[in-house]
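**Student:** Let me begin by handing over the structure; questions about it come next.
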Amino acid sequence: MTIESLPAGEAGTVGASVLDVEELTVTFTRRGEQPTRAVDGVSFSVGPGETVGLVGESGCGKSVTSLAVMGLLPSRGVQVGGSVRLDGRELLGAGDRALRRLRGADMAMVFQDPLSSLNPTVPIGTQVTEVLLEHRDMSRKEAGDEATRLLDRVGIPDPSRRLKEYPHQLSGGMRQRALIAMALACAPRLLIADEPTTALDVTIQAQILELLRELVVDSGTALVMITHDLGVVAGLCDRVHVMYSGRIIESADRHELFAQPRHPYTGGLLASVPRLDAARGAPLHPIRGSARDAIPWAEGCAFAPRCDNAQDDCLTEVAGSTVPLEYDGPGRELRCRHPLQHPRSPAGATASGAAR
Amino acid sequence: MLRFIVRRLLQLIPILLGLSVLLFAWLRALPGGPAQAALGERATPEAIARYNELFGLDQPLYVQYLRFLGRAVQLDFGNSSRTGRPVIEEFLERMPGTIELTVFAMVFAIGLGIPLGYLAARRHGSWLDSASVIGSLLGVAIPVFFLAYLLRLLFAVELGWLPGSGRQEVRIDATRITNFYVLDGLLTREWDAAWDAFLHLVLPGIALGTIPLAIIVRITRASVLDVVNEDYVRTANAKGLATSTVRRRHILRNALLPVSTTIGLQTGLLLSGAVLTETVFAFGGVGSAIFDSIFARDFAVLQGFILMLAVVYVLVNLLVDISYGLLDPRVRVR
């Protein structure tokens with residue numbers, strides 16, 4: 001009911017993906033400054049009921065990727081290239097009206113900071129019903145009833161009272177649940193969650209993640225989980241794409257990624273997570289340097305300046321490209337010339353990595 | 001809520017006591033006295049003494065003050081030494097004029113200021129934006145009396161488009177009910193009188209509204225620029241709401257919070273007497289009465305008017321605080 005206005009795409013020909021992102025690039029230009037490429041050729045897809053994680057440090061381009069998919073980047077000073085297809089329909093270049101019809105209805109987003117993401121001067125109820133009234137043919141009365149059901153579904157007790165309250169009267173976890181209720185109001189095909197738990201207590205984090213997981217399983221929604229928290233990935237994601245400096249550097253299923261990280265950056269991320277079972281006083285293992293040390297991809301692997309495995313050929317061109325994202329065994333892709341080796345890893349993966 | 005209001009009203013008492021002492025002392029410190037002003041410079045000492053005795057000005061200051069205070073509590077501020085009429089009567093006749101003028105000025109400032117400030121922010125960096133920033137700077141910088149003279153000279157004297165003095169043409173023999181001339185005209189269906197009184201508000205109202213207009217433009221612009229970058233505006237867009245809903249409910253509603261504070265403060269300022277503007281336009285509100293009374297050393301009028309304006313000012317601020325709570329649920333008083 002919502003996407004007739006877009007040209008019919010080749011729905012179905014790309015498999016059953018809900019979201020297909022291909023070679024997405026986002027460039028920020030400012031007068032008098034060098035253009036910055038925040039997202040540089042990112043491709044991934046998400047099927048119904050699937051949860052895909054985009055993982056990386058602050059500034060790696062994961063949030064910009066999600067905003068580009070939603071069409072929420074400002075129009076001035078930003079160039080978006082590549083292709084973003086929702087159920088086969090191209091979103092890049094679609095008009096503002098067409099996108100507004102899709103947003104909130106077919107694709108929705110949950111943001112990082114639930115307090116600042118809610119309008120402080122409008123009751124929660126209005127903020128939920130406005131989505132319903134905008135996208136669905138409902139009377140105010142019906143929308144109010146539906147809002148009560150939605151709040152109940154995301155686990156907010158006494159929903160009809162909460163609807164009349166303002167965001168500052170709710171607890172942090174309650175606010176995030178309300179935001180999720182708004183995102184789910186029209187049963188979207190795609191839900192993007194941008195670090196939905198970073199502003200919350202650990203106990204609440206687990207509840208929110210569990211809620212998201214249930215909702216995905218129940219409704220078959222495709223979920224894109226944007227996070228820097230590997231714990232979130234471990235608990236929720238089916239597939240994981242690790243991003244660094246605007247590019248995907250490693251893609252793998254969750255289990256394989258945790259068992260055998262191949263990119264030194266992924267390995268570093270996993271090693272830097274503090275472990276409860278580590279000996280008392282054992283040192284943590286941070287990745288040295290910071291994301292600001294990245295070099296442009298045109299000059300070689302952006303992670304090379306921080307990488308323990310880096311060698312001279314990480315910074316040179318081979319066959320017209322610096323470090324390409326390549327096949328690394330079934331279901332895995334890797335952008336590295338000197339990946340981590342795992343003695344018990346499948347022969348194929350090791351061989352393809354070592355061949356470089 | 002009720003406790004909050006009562007507490008604020010109780011706070012009025014020390015404010016008014018302090019103000020009355022200051023006023024009393026200040027007025028007595030002015031060179032010359034009411035007798036001199038009333039009887040002229042060549043008045044004989046005997047005449048002055050008789051005048052002072054008549055008005056109780058020969059008593060010690062503290063006796064004068066206590067006597068004044070005792071009567072002021074009953075809203076009796078004595079009689080004007082200039083017109084001989086009770087001060088409270090003059091106040092009730094003139095205050096409506098000042099209120100009408102303030103309402104006109106603020107409607108002008110708000111009606112023009114908020115849309116202008118909003119547009120300037122939407123077209124951030126455009127010529128309209130620059131023009132509004134420069135224009136509002138000019139608006140704040142131009143002295144009000146200069147602007148008042150300029151407007152009067154141009155539109156009243158030279159072009160003759162609008163009346164340049166008074167509150168209503170004298171030839172119109174309007175019925176008075178509330179002393180709000182426009183309102184009286186409407187109530188008595190004397191449309192001519194209402195229209196004429198309205199026209200008399202235009203020039204002084206614009207002169208008076210210029211500074212609030214400039215301030216409102218600047219604050220609206222800055223506030224909208226802040227709010228459009230808020231996370232909840234992004235959320236509203238992510239929900240696919242119509243642009244008009246996003247603007248109205250999510251941007252303007254929040255952006256107008258600081259603007260409403262400004263509006264309240266400016267209204268309070270205008271109500272407490274636009275001395276200069278009213279004088280230029282011989283408007284006959286409380287401002288011009290205060291101006292005339294200073295020259296006449298009309299202590300009774302000055303004391304009465306200034307104290308009552310202080311009450312008005314505090315009441316307006318109380319109203320602002322209450323309405324702010326209605327607009328922003330986070331500061332709602334309990």
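Within each chain, counting starts at residue 1; across the structure tokens, chains are named A, B, ... in the order shown, with ligands numbered 1 upward in that order.
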Neighbouring residues of range 91-102 of chain B were defined as those with any atom within 9 Å, considering only C-alpha atoms; residues of the same chain fewer than 2 positions away were excluded. Please report them as a ChimeraX atom specification.
**Tutor:** /B:86-89,104-107,167,178-182,198,201-202,204-205,208-209,267,270-274,278,283-287,289,301,304-305,308
**Student:** Determine, counting only C-alpha atoms, which protein, DNA and RNA residues have an atom within 9 Å of an atom of Asp298 in chain B; residues of the same chain fewer than 5 positions away are not included. Present the result as a PyMOL selection string.
**Tutor:** chain B and resi 33-34+37-38+80-82+290+292-293+303
**Student:** Find, counting only C-alpha atoms, the residue in B:Gly164, B:Leu138, B:Arg123, B:Leu318 that gets nearest to chain A.
**Tutor:**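 Using only C-alpha atoms, the shortest distance to chain A belongs to B:Arg123.
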**Student:** Kindly provide, as a list of chain:residue names, the residues of chain A having any atom no farther than 6 Å from an atom of chain B, counting only C-alpha atoms.
**Tutor:**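 Taking only C-alpha atoms into account, A:Arg100, A:Arg101, A:Arg103, A:Gly104, A:Ser116, A:Ser117, A:Leu118, A:Asn119, A:Thr121 sit within 6 Å of chain B.
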**Student:** Would you please work out which residue, of B:Ile5, B:Val311, B:Val157, B:Val217, is nearest to Val140 in chain B when using only C-alpha atoms?
**Tutor:** B:Val217
**Student:** Near Leu19 in chain A, counting only C-alpha atoms, which residues have an atom at most 8 Å away, once you skip same-chain residues fewer than 3 positions from it, shown as a list in words?
**Tutor:**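 Answer for this query is Ser45, Val46, Gly47, Val84, Arg85, Leu86, Asp87, Gly88, Leu190 and Ala222 of chain A.
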**Student:** Between CA of Thr316 in chain A and CA of Gly289 in chain A, what is the distance, to one decimal in Å?
**Tutor:** 21.6 Å
**Student:** For range 141-149 of chain A, find every residue with an atom within 8 Å (counting only C-alpha atoms), except residues of its own chain fewer than 4 positions away, and show them as a PyMOL selection string.
**Tutor:** chain A and resi 125+128-129+132-133+153+159-160+163+185
**Student:** Smallest atom-to-atom distance to Leu309 in chain B: which of B:Leu16, B:Leu2, B:Val170, B:Val63, using only C-alpha atoms?
**Tutor:**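 The shortest atom-to-atom distance to Leu309 in chain B comes from B:Leu16.
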**Student:** Enumerate as a PyMOL selection string all residues of range 9-122 of chain A assigned to strand (DSSP E) by DSSP on the backbone, naming them with the chain letters and numbers the document uses.
**Tutor:** chain A and resi 19-28+36-46+51-55+78-86+89-90+107-110
**Student:** Dump C-alpha atoms for the selected residues as a PDB file, in the first residue's frame?
**Tutor:**
```pdb
ATOM      1  CA  LEU A  19      17.200  -4.883   1.952  1.00  0.00           C
ATOM      2  CA  ASP A  20      19.949  -4.823  -0.640  1.00  0.00           C
ATOM      3  CA  VAL A  21      22.716  -2.300  -0.293  1.00  0.00           C
ATOM      4  CA  GLU A  22      25.202  -2.208  -3.136  1.00  0.00           C
ATOM      5  CA  GLU A  23      28.364  -0.164  -3.400  1.00  0.00           C
ATOM      6  CA  LEU A  24      26.936   2.517  -1.147  1.00  0.00           C
ATOM      7  CA  THR A  25      29.079   5.615  -0.934  1.00  0.00           C
ATOM      8  CA  VAL A  26      28.429   8.700   1.151  1.00  0.00           C
ATOM      9  CA  THR A  27      30.591  11.766   0.676  1.00  0.00           C
ATOM     10  CA  PHE A  28      30.394  14.878   2.791  1.00  0.00           C
ATOM     11  CA  THR A  36      35.255  13.297   3.193  1.00  0.00           C
ATOM     12  CA  ARG A  37      34.108   9.835   2.169  1.00  0.00           C
ATOM     13  CA  ALA A  38      32.329   8.464   5.233  1.00  0.00           C
ATOM     14  CA  VAL A  39      31.013   5.330   3.552  1.00  0.00           C
ATOM     15  CA  ASP A  40      33.062   3.826   0.759  1.00  0.00           C
ATOM     16  CA  GLY A  41      31.506   1.050  -1.285  1.00  0.00           C
ATOM     17  CA  VAL A  42      29.519  -0.836   1.325  1.00  0.00           C
ATOM     18  CA  SER A  43      27.415  -3.788   0.150  1.00  0.00           C
ATOM     19  CA  PHE A  44      25.269  -6.118   2.197  1.00  0.00           C
ATOM     20  CA  SER A  45      21.788  -7.563   2.210  1.00  0.00           C
ATOM     21  CA  VAL A  46      19.301  -8.650   4.823  1.00  0.00           C
ATOM     22  CA  THR A  51      19.507 -10.030  11.880  1.00  0.00           C
ATOM     23  CA  VAL A  52      22.614  -8.457  10.434  1.00  0.00           C
ATOM     24  CA  GLY A  53      25.148  -6.612  12.530  1.00  0.00           C
ATOM     25  CA  LEU A  54      27.205  -3.651  11.367  1.00  0.00           C
ATOM     26  CA  VAL A  55      30.081  -3.440  13.812  1.00  0.00           C
ATOM     27  CA  VAL A  78      26.072  15.144   1.098  1.00  0.00           C
ATOM     28  CA  GLN A  79      26.425  12.934  -1.964  1.00  0.00           C
ATOM     29  CA  VAL A  80      25.081   9.411  -1.808  1.00  0.00           C
ATOM     30  CA  GLY A  81      26.016   6.903  -4.500  1.00  0.00           C
ATOM     31  CA  GLY A  82      25.429   3.233  -5.214  1.00  0.00           C
ATOM     32  CA  SER A  83      22.147   1.494  -4.681  1.00  0.00           C
ATOM     33  CA  VAL A  84      19.764   0.819  -1.803  1.00  0.00           C
ATOM     34  CA  ARG A  85      16.810  -1.440  -2.584  1.00  0.00           C
ATOM     35  CA  LEU A  86      13.936  -2.212  -0.258  1.00  0.00           C
ATOM     36  CA  ARG A  89      12.641  -1.011  -5.180  1.00  0.00           C
ATOM     37  CA  GLU A  90      15.421   1.507  -5.506  1.00  0.00           C
ATOM     38  CA  MET A 107      11.181   0.696   7.154  1.00  0.00           C
ATOM     39  CA  ALA A 108      11.700   2.061  10.617  1.00  0.00           C
ATOM     40  CA  MET A 109      14.547   3.000  12.865  1.00  0.00           C
ATOM     41  CA  VAL A 110      15.330   2.909  16.574  1.00  0.00           C
TER      42      VAL A 110
END
```
**Student:** Which distance in Å separates CA of Leu213 in chain B and CA of Phe108 in chain B, to one decimal?
**Tutor:**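 Atom-to-atom, CA of Leu213 in chain B to CA of Phe108 in chain B, that is 7.5 Å.
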**Student:** Quote the spacing between CA of Leu179 in chain A and CA of Arg213 in chain A in Å to one decimal place.
**Tutor:** 15.6 Å
**Student:** Mind the document's chain letters and residue numbers, and return as number ranges by chain the residues of range 21-251 of chain B that DSSP labels helix (DSSP H, G or I).
**Tutor:** B: 21-29, 34-39, 45-54, 61-72, 87-122, 127-141, 144-158, 181-187, 191-227, 231-238, 243-251
**Student:** Tell me which protein, DNA and RNA residues are within 7 Å of range 264-277 of chain A, counting only C-alpha atoms, leaving out same-chain ones fewer than 2 positions away, and put them as a list of chain:residue names.
**Tutor:**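 Listing them by chain and then by number gives A:Pro261, A:Arg262, A:Ala279, A:Leu284, A:His285, A:Pro286, A:Ile287, A:Cys307, A:Pro339, A:Leu340.
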**Student:** Could you write out that same residue set with C-alpha atoms as a PDB file, in the first residue's frame?
**Tutor:**
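What ended up in out_20.pdb:
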```
ATOM      1  CA  PRO A 261      38.288 -13.836  13.449  1.00  0.00           C
ATOM      2  CA  ARG A 262      40.416 -13.398  10.334  1.00  0.00           C
ATOM      3  CA  ALA A 279      43.244 -13.887  35.748  1.00  0.00           C
ATOM      4  CA  LEU A 284      43.608  -5.741  28.830  1.00  0.00           C
ATOM      5  CA  HIS A 285      44.479  -5.825  25.161  1.00  0.00           C
ATOM      6  CA  PRO A 286      43.473  -2.587  23.493  1.00  0.00           C
ATOM      7  CA  ILE A 287      44.053  -2.010  19.788  1.00  0.00           C
ATOM      8  CA  CYS A 307      48.014  -3.397  12.613  1.00  0.00           C
ATOM      9  CA  PRO A 339      44.961 -12.312   8.039  1.00  0.00           C
ATOM     10  CA  LEU A 340      45.113 -14.078  11.377  1.00  0.00           C
TER      11      LEU A 340
END
```
**Student:** Nearest to Ser63 in chain A among A:Arg136, A:Arg254, A:His228, A:His263, with distances taken over only C-alpha atoms: which residue is it?
**Tutor:**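 That would be A:His228, the residue with the smallest distance to Ser63 in chain A.
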